[in-house]
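Okay, protein-v4.txt is below, compact mmCIF, N, CA and C atoms:
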# COMPACT_ATOMS: atom_id res chain seq x y z
N MET A 1 55.16 236.84 -57.29
CA MET A 1 54.63 237.99 -57.99
C MET A 1 55.70 239.07 -58.07
N ILE A 2 55.75 239.75 -59.19
CA ILE A 2 56.68 240.86 -59.38
C ILE A 2 55.88 242.14 -59.44
N PRO A 3 56.17 243.10 -58.57
CA PRO A 3 55.47 244.38 -58.64
C PRO A 3 55.77 245.09 -59.95
N VAL A 4 54.77 245.72 -60.50
CA VAL A 4 54.88 246.44 -61.76
C VAL A 4 54.35 247.85 -61.55
N ILE A 5 55.06 248.85 -62.03
CA ILE A 5 54.59 250.22 -61.98
C ILE A 5 53.98 250.54 -63.34
N ARG A 6 52.72 250.92 -63.35
CA ARG A 6 52.06 251.30 -64.60
C ARG A 6 51.18 252.49 -64.30
N GLN A 7 51.37 253.55 -65.06
CA GLN A 7 50.60 254.77 -64.89
C GLN A 7 50.59 255.22 -63.42
N ASN A 8 51.78 255.20 -62.81
CA ASN A 8 51.98 255.61 -61.42
C ASN A 8 51.11 254.86 -60.43
N LYS A 9 50.74 253.62 -60.77
CA LYS A 9 50.01 252.75 -59.85
C LYS A 9 50.79 251.46 -59.70
N LEU A 10 50.82 250.94 -58.50
CA LEU A 10 51.54 249.72 -58.23
C LEU A 10 50.64 248.53 -58.52
N MET A 11 51.13 247.61 -59.35
CA MET A 11 50.36 246.43 -59.70
C MET A 11 51.29 245.23 -59.54
N THR A 12 50.79 244.03 -59.73
CA THR A 12 51.66 242.86 -59.70
C THR A 12 51.48 242.04 -60.96
N LEU A 13 52.53 241.36 -61.35
CA LEU A 13 52.53 240.51 -62.52
C LEU A 13 53.13 239.18 -62.10
N SER A 14 52.42 238.12 -62.28
CA SER A 14 52.91 236.81 -61.89
C SER A 14 54.18 236.48 -62.67
N THR A 15 55.15 235.88 -62.00
CA THR A 15 56.41 235.57 -62.66
C THR A 15 56.21 234.59 -63.81
N CYS A 16 55.15 233.82 -63.80
CA CYS A 16 54.93 232.87 -64.90
C CYS A 16 54.63 233.59 -66.20
N PHE A 17 54.27 234.85 -66.17
CA PHE A 17 53.97 235.58 -67.39
C PHE A 17 55.19 236.31 -67.94
N LEU A 18 56.31 236.27 -67.25
CA LEU A 18 57.45 237.06 -67.68
C LEU A 18 58.01 236.63 -69.03
N ASN A 19 57.81 235.37 -69.41
CA ASN A 19 58.30 234.91 -70.71
C ASN A 19 57.31 235.21 -71.83
N GLN A 20 56.17 235.75 -71.49
CA GLN A 20 55.15 236.09 -72.46
C GLN A 20 55.29 237.56 -72.84
N PRO A 21 54.72 237.96 -73.99
CA PRO A 21 54.72 239.39 -74.32
C PRO A 21 54.02 240.18 -73.22
N PHE A 22 54.40 241.41 -73.04
CA PHE A 22 53.84 242.23 -71.97
C PHE A 22 52.48 242.82 -72.33
N VAL A 23 51.69 242.05 -73.07
CA VAL A 23 50.34 242.49 -73.41
C VAL A 23 49.54 242.76 -72.14
N LEU A 24 49.85 242.01 -71.08
CA LEU A 24 49.13 242.16 -69.82
C LEU A 24 49.29 243.56 -69.23
N LEU A 25 50.31 244.30 -69.66
CA LEU A 25 50.55 245.62 -69.10
C LEU A 25 49.73 246.70 -69.82
N LYS A 26 48.90 246.27 -70.75
CA LYS A 26 47.97 247.17 -71.43
C LYS A 26 48.65 248.42 -71.98
N GLY A 27 49.43 248.23 -73.00
CA GLY A 27 49.98 249.39 -73.68
C GLY A 27 51.46 249.63 -73.46
N LEU A 28 52.05 249.03 -72.45
CA LEU A 28 53.49 249.23 -72.26
C LEU A 28 54.24 248.25 -73.14
N ASP A 29 55.14 248.75 -73.95
CA ASP A 29 55.95 247.91 -74.82
C ASP A 29 57.06 247.30 -73.98
N LYS A 30 57.27 245.99 -74.11
CA LYS A 30 58.29 245.32 -73.28
C LYS A 30 59.68 245.90 -73.49
N ASP A 31 59.92 246.54 -74.64
CA ASP A 31 61.23 247.16 -74.88
C ASP A 31 61.42 248.42 -74.05
N PHE A 32 60.37 248.93 -73.45
CA PHE A 32 60.45 250.15 -72.66
C PHE A 32 60.20 249.88 -71.18
N ILE A 33 60.40 248.65 -70.78
CA ILE A 33 60.24 248.27 -69.38
C ILE A 33 61.59 247.79 -68.86
N MET A 34 61.91 248.17 -67.64
CA MET A 34 63.19 247.75 -67.07
C MET A 34 63.01 247.24 -65.65
N HIS A 35 63.97 246.45 -65.21
CA HIS A 35 63.99 245.93 -63.84
C HIS A 35 64.76 246.92 -62.96
N VAL A 36 64.20 247.20 -61.81
CA VAL A 36 64.85 248.04 -60.81
C VAL A 36 64.72 247.31 -59.48
N HIS A 37 65.72 247.41 -58.65
CA HIS A 37 65.73 246.74 -57.35
C HIS A 37 65.47 247.79 -56.27
N LEU A 38 64.53 247.49 -55.41
CA LEU A 38 64.16 248.40 -54.32
C LEU A 38 64.55 247.76 -53.00
N LYS A 39 65.45 248.42 -52.28
CA LYS A 39 65.94 247.92 -51.00
C LYS A 39 65.52 248.91 -49.92
N LEU A 40 64.69 248.45 -49.00
CA LEU A 40 64.20 249.31 -47.92
C LEU A 40 64.73 248.79 -46.59
N LEU A 41 65.32 249.69 -45.83
CA LEU A 41 65.96 249.32 -44.57
C LEU A 41 65.21 249.89 -43.38
N ALA A 42 65.53 249.35 -42.21
CA ALA A 42 64.92 249.76 -40.93
C ALA A 42 63.40 249.63 -41.02
N ASN A 43 62.68 250.60 -40.49
CA ASN A 43 61.21 250.48 -40.47
C ASN A 43 60.58 250.65 -41.86
N TYR A 44 61.33 251.11 -42.85
CA TYR A 44 60.80 251.20 -44.22
C TYR A 44 60.54 249.82 -44.81
N LYS A 45 61.22 248.82 -44.28
CA LYS A 45 61.04 247.45 -44.76
C LYS A 45 59.57 247.01 -44.66
N ASN A 46 58.85 247.60 -43.72
CA ASN A 46 57.44 247.26 -43.54
C ASN A 46 56.58 247.67 -44.74
N GLN A 47 57.09 248.51 -45.61
CA GLN A 47 56.34 248.97 -46.78
C GLN A 47 56.42 247.99 -47.95
N LEU A 48 57.29 247.00 -47.85
CA LEU A 48 57.41 245.99 -48.91
C LEU A 48 56.20 245.05 -48.86
N PRO A 49 55.90 244.37 -49.97
CA PRO A 49 54.78 243.43 -49.96
C PRO A 49 54.94 242.39 -48.84
N PRO A 50 53.83 241.94 -48.26
CA PRO A 50 53.88 241.04 -47.10
C PRO A 50 54.64 239.74 -47.34
N ASP A 51 54.66 239.22 -48.54
CA ASP A 51 55.33 237.94 -48.80
C ASP A 51 56.81 238.09 -49.15
N THR A 52 57.35 239.30 -48.96
CA THR A 52 58.76 239.56 -49.28
C THR A 52 59.66 238.92 -48.25
N SER A 53 60.67 238.19 -48.73
CA SER A 53 61.68 237.68 -47.80
C SER A 53 62.90 238.58 -47.93
N GLY A 54 63.37 239.08 -46.82
CA GLY A 54 64.48 240.02 -46.84
C GLY A 54 64.00 241.45 -46.97
N ASN A 55 64.88 242.31 -47.44
CA ASN A 55 64.56 243.74 -47.50
C ASN A 55 64.62 244.31 -48.92
N GLN A 56 64.65 243.43 -49.93
CA GLN A 56 64.79 243.90 -51.30
C GLN A 56 63.84 243.17 -52.23
N ILE A 57 63.26 243.91 -53.18
CA ILE A 57 62.43 243.32 -54.21
C ILE A 57 62.87 243.87 -55.57
N THR A 58 62.52 243.16 -56.61
CA THR A 58 62.75 243.63 -57.97
C THR A 58 61.39 244.01 -58.54
N ILE A 59 61.34 245.18 -59.16
CA ILE A 59 60.09 245.65 -59.75
C ILE A 59 60.32 246.00 -61.21
N LEU A 60 59.24 245.99 -61.98
CA LEU A 60 59.28 246.41 -63.37
C LEU A 60 58.74 247.81 -63.45
N VAL A 61 59.49 248.69 -64.08
CA VAL A 61 59.08 250.10 -64.20
C VAL A 61 59.24 250.55 -65.63
N PRO A 62 58.47 251.55 -66.05
CA PRO A 62 58.67 252.10 -67.40
C PRO A 62 60.04 252.77 -67.50
N GLU A 63 60.66 252.64 -68.65
CA GLU A 63 61.93 253.31 -68.90
C GLU A 63 61.74 254.81 -68.67
N GLY A 64 62.73 255.44 -68.06
CA GLY A 64 62.66 256.87 -67.78
C GLY A 64 62.02 257.21 -66.46
N SER A 65 61.70 256.18 -65.64
CA SER A 65 61.11 256.43 -64.32
C SER A 65 62.13 257.09 -63.40
N PHE A 66 61.61 257.87 -62.45
CA PHE A 66 62.45 258.54 -61.48
C PHE A 66 62.28 257.88 -60.11
N PRO A 67 63.34 257.85 -59.29
CA PRO A 67 63.27 257.21 -57.98
C PRO A 67 62.15 257.75 -57.10
N GLU A 68 61.94 259.06 -57.13
CA GLU A 68 60.93 259.66 -56.26
C GLU A 68 59.53 259.09 -56.53
N THR A 69 59.23 258.83 -57.80
CA THR A 69 57.93 258.27 -58.16
C THR A 69 57.73 256.90 -57.54
N ILE A 70 58.75 256.08 -57.63
CA ILE A 70 58.66 254.72 -57.08
C ILE A 70 58.57 254.77 -55.56
N LEU A 71 59.39 255.60 -54.92
CA LEU A 71 59.37 255.69 -53.46
C LEU A 71 58.02 256.21 -52.96
N LYS A 72 57.43 257.12 -53.69
CA LYS A 72 56.12 257.65 -53.30
C LYS A 72 55.07 256.53 -53.31
N LEU A 73 55.14 255.65 -54.29
CA LEU A 73 54.20 254.53 -54.38
C LEU A 73 54.32 253.59 -53.18
N TYR A 74 55.51 253.52 -52.61
CA TYR A 74 55.74 252.68 -51.43
C TYR A 74 55.64 253.48 -50.13
N SER A 75 55.14 254.69 -50.21
CA SER A 75 54.94 255.57 -49.03
C SER A 75 56.23 255.85 -48.27
N ILE A 76 57.31 256.04 -48.99
CA ILE A 76 58.59 256.38 -48.38
C ILE A 76 58.72 257.90 -48.39
N PRO A 77 58.96 258.50 -47.22
CA PRO A 77 59.09 259.96 -47.15
C PRO A 77 60.27 260.47 -47.99
N PRO A 78 60.17 261.66 -48.54
CA PRO A 78 61.26 262.21 -49.36
C PRO A 78 62.43 262.70 -48.50
N ILE A 79 63.49 263.13 -49.18
CA ILE A 79 64.61 263.77 -48.51
C ILE A 79 64.08 265.08 -47.91
N PRO A 80 64.38 265.52 -46.74
CA PRO A 80 65.45 265.11 -45.83
C PRO A 80 65.02 264.08 -44.79
N GLU A 81 63.76 263.65 -44.83
CA GLU A 81 63.31 262.64 -43.85
C GLU A 81 63.92 261.27 -44.13
N SER A 82 64.35 261.04 -45.35
CA SER A 82 64.92 259.76 -45.75
C SER A 82 66.29 259.95 -46.37
N VAL A 83 67.10 258.92 -46.26
CA VAL A 83 68.36 258.85 -47.00
C VAL A 83 68.07 257.94 -48.19
N ILE A 84 68.35 258.44 -49.39
CA ILE A 84 68.06 257.69 -50.60
C ILE A 84 69.33 257.58 -51.42
N LEU A 85 69.69 256.34 -51.74
CA LEU A 85 70.89 256.07 -52.53
C LEU A 85 70.50 255.32 -53.80
N ILE A 86 71.19 255.61 -54.88
CA ILE A 86 71.03 254.87 -56.12
C ILE A 86 72.38 254.22 -56.40
N ASN A 87 72.39 252.90 -56.38
CA ASN A 87 73.63 252.13 -56.58
C ASN A 87 74.72 252.57 -55.60
N GLY A 88 74.32 252.88 -54.37
CA GLY A 88 75.27 253.26 -53.33
C GLY A 88 75.72 254.70 -53.35
N LYS A 89 75.17 255.49 -54.27
CA LYS A 89 75.56 256.90 -54.37
C LYS A 89 74.37 257.80 -54.07
N THR A 90 74.65 259.02 -53.64
CA THR A 90 73.60 259.98 -53.32
C THR A 90 72.68 260.20 -54.52
N LEU A 91 71.40 260.29 -54.24
CA LEU A 91 70.39 260.49 -55.27
C LEU A 91 70.59 261.80 -56.01
N CYS A 92 70.56 261.76 -57.34
CA CYS A 92 70.51 262.96 -58.19
C CYS A 92 69.08 263.03 -58.72
N PRO A 93 68.26 263.96 -58.19
CA PRO A 93 66.83 263.97 -58.51
C PRO A 93 66.48 264.09 -59.99
N ASP A 94 67.35 264.68 -60.79
CA ASP A 94 67.02 264.89 -62.20
C ASP A 94 67.49 263.74 -63.10
N GLU A 95 68.03 262.67 -62.51
CA GLU A 95 68.50 261.53 -63.30
C GLU A 95 67.49 260.40 -63.24
N PRO A 96 66.99 259.95 -64.42
CA PRO A 96 66.08 258.80 -64.41
C PRO A 96 66.83 257.51 -64.09
N LEU A 97 66.10 256.52 -63.68
CA LEU A 97 66.68 255.23 -63.36
C LEU A 97 67.13 254.51 -64.63
N GLN A 98 68.08 253.60 -64.45
CA GLN A 98 68.57 252.76 -65.53
C GLN A 98 68.28 251.30 -65.18
N GLU A 99 68.34 250.42 -66.17
CA GLU A 99 68.13 249.00 -65.97
C GLU A 99 69.02 248.48 -64.84
N ASP A 100 68.43 247.71 -63.93
CA ASP A 100 69.12 247.06 -62.80
C ASP A 100 69.66 248.02 -61.75
N ASP A 101 69.23 249.28 -61.74
CA ASP A 101 69.60 250.18 -60.65
C ASP A 101 69.06 249.66 -59.34
N VAL A 102 69.76 249.96 -58.26
CA VAL A 102 69.31 249.61 -56.91
C VAL A 102 68.97 250.91 -56.18
N ILE A 103 67.71 251.03 -55.78
CA ILE A 103 67.27 252.17 -54.96
C ILE A 103 67.29 251.68 -53.53
N CYS A 104 68.03 252.36 -52.69
CA CYS A 104 68.09 252.01 -51.27
C CYS A 104 67.57 253.20 -50.47
N ALA A 105 66.64 252.95 -49.56
CA ALA A 105 66.09 254.03 -48.74
C ALA A 105 66.02 253.60 -47.29
N PHE A 106 66.33 254.53 -46.41
CA PHE A 106 66.21 254.30 -44.97
C PHE A 106 65.99 255.63 -44.29
N PRO A 107 65.43 255.60 -43.07
CA PRO A 107 65.14 256.85 -42.37
C PRO A 107 66.42 257.60 -42.01
N ALA A 108 66.36 258.92 -42.16
CA ALA A 108 67.49 259.76 -41.74
C ALA A 108 67.45 259.84 -40.21
N MET A 109 68.60 259.83 -39.60
CA MET A 109 68.67 259.90 -38.15
C MET A 109 69.56 261.07 -37.75
N ALA A 110 69.23 261.65 -36.65
CA ALA A 110 70.05 262.72 -36.10
C ALA A 110 70.24 262.44 -34.61
N GLY A 111 71.28 262.93 -34.10
CA GLY A 111 71.52 262.69 -32.69
C GLY A 111 72.79 263.38 -32.23
N GLY A 112 73.06 263.20 -31.00
CA GLY A 112 74.24 263.89 -30.51
C GLY A 112 75.01 263.07 -29.56
What does this structure look like when you write it as structure tokens?
Amino acid sequence: MIPVIRQNKLMTLSTCFLNQPFVLLKGLDKDFIMHVHLKLLANYKNQLPPDTSGNQITILVPEGSFPETILKLYSIPPIPESVILINGKTLCPDEPLQEDDVICAFPAMAGG
């Protein structure tokens, strides 16, 4: 199953339907849907679907989605409680995601 974001709700779409038109998404045009990779580290990994192997999944999101929206759906705390990287670089909150972006999140740690 591939997680799908639609109207800010997390849904799943069976991989067998990926070669079919995205009629199943009720109104989302397949030309406006993109793949994004979500990598959750440390205890955030527990927020991934139970059948996930490893710490990364690929999800389908509407074009123009922002990382914060996706992380909120997975119950990931915002900055400064979390470190959030997009393609290995610090998150720019006003930049929407692009096709095949990798969102990586892990808990911020402090110590001495």
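For the atom pair formed by atom C of Met34 in chain A and CA of Ile57 in chain A, the distance is 12.1 Å, given to one decimal.
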Legend entry - Interatomic distance, atom C of Ile103 in chain A to CA of Thr58 in chain A (Å, one decimal): 10.3 Å
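Atom C of Glu68 in chain A lies 13.6 Å from CA of Pro80 in chain A.
The nearest approach to Ala105 in chain A among the residues A:Leu41, A:Ile76, A:Val61, A:Cys92, with all atoms listed in the file taken into account, belongs to A:Leu41.
Among the candidate residues A:Tyr74, A:Asp101, A:Phe32, A:Glu63, the one lying nearest to Ile86 in chain A is A:Asp101, with distances computed using only N, CA and C atoms.
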Legend entry - Exercise: Pro107 in chain A partners within 6 Å, only N, CA and C atoms, chain neighbours under 3 positions left out, as a ChimeraX atom specification: /A:41,81-83
Legend entry - Close residues, Asn55 in chain A itself excluded, 6.5 Å, only N, CA and C atoms, min 6 positions apart in chain, as a ChimeraX atom specification: /A:38-41,45
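Distance annotation: of A:His35, A:Pro93, A:Ile84, A:Gly54, the residue with the minimal separation from Phe106 in chain A is A:Ile84; atom set is all atoms listed in the file.
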Legend entry - Selected residue, from A:Leu97, A:Asn43, A:Thr52, A:Ala108, that lies nearest to Pro78 in chain A when counting only C-alpha atoms: A:Ala108
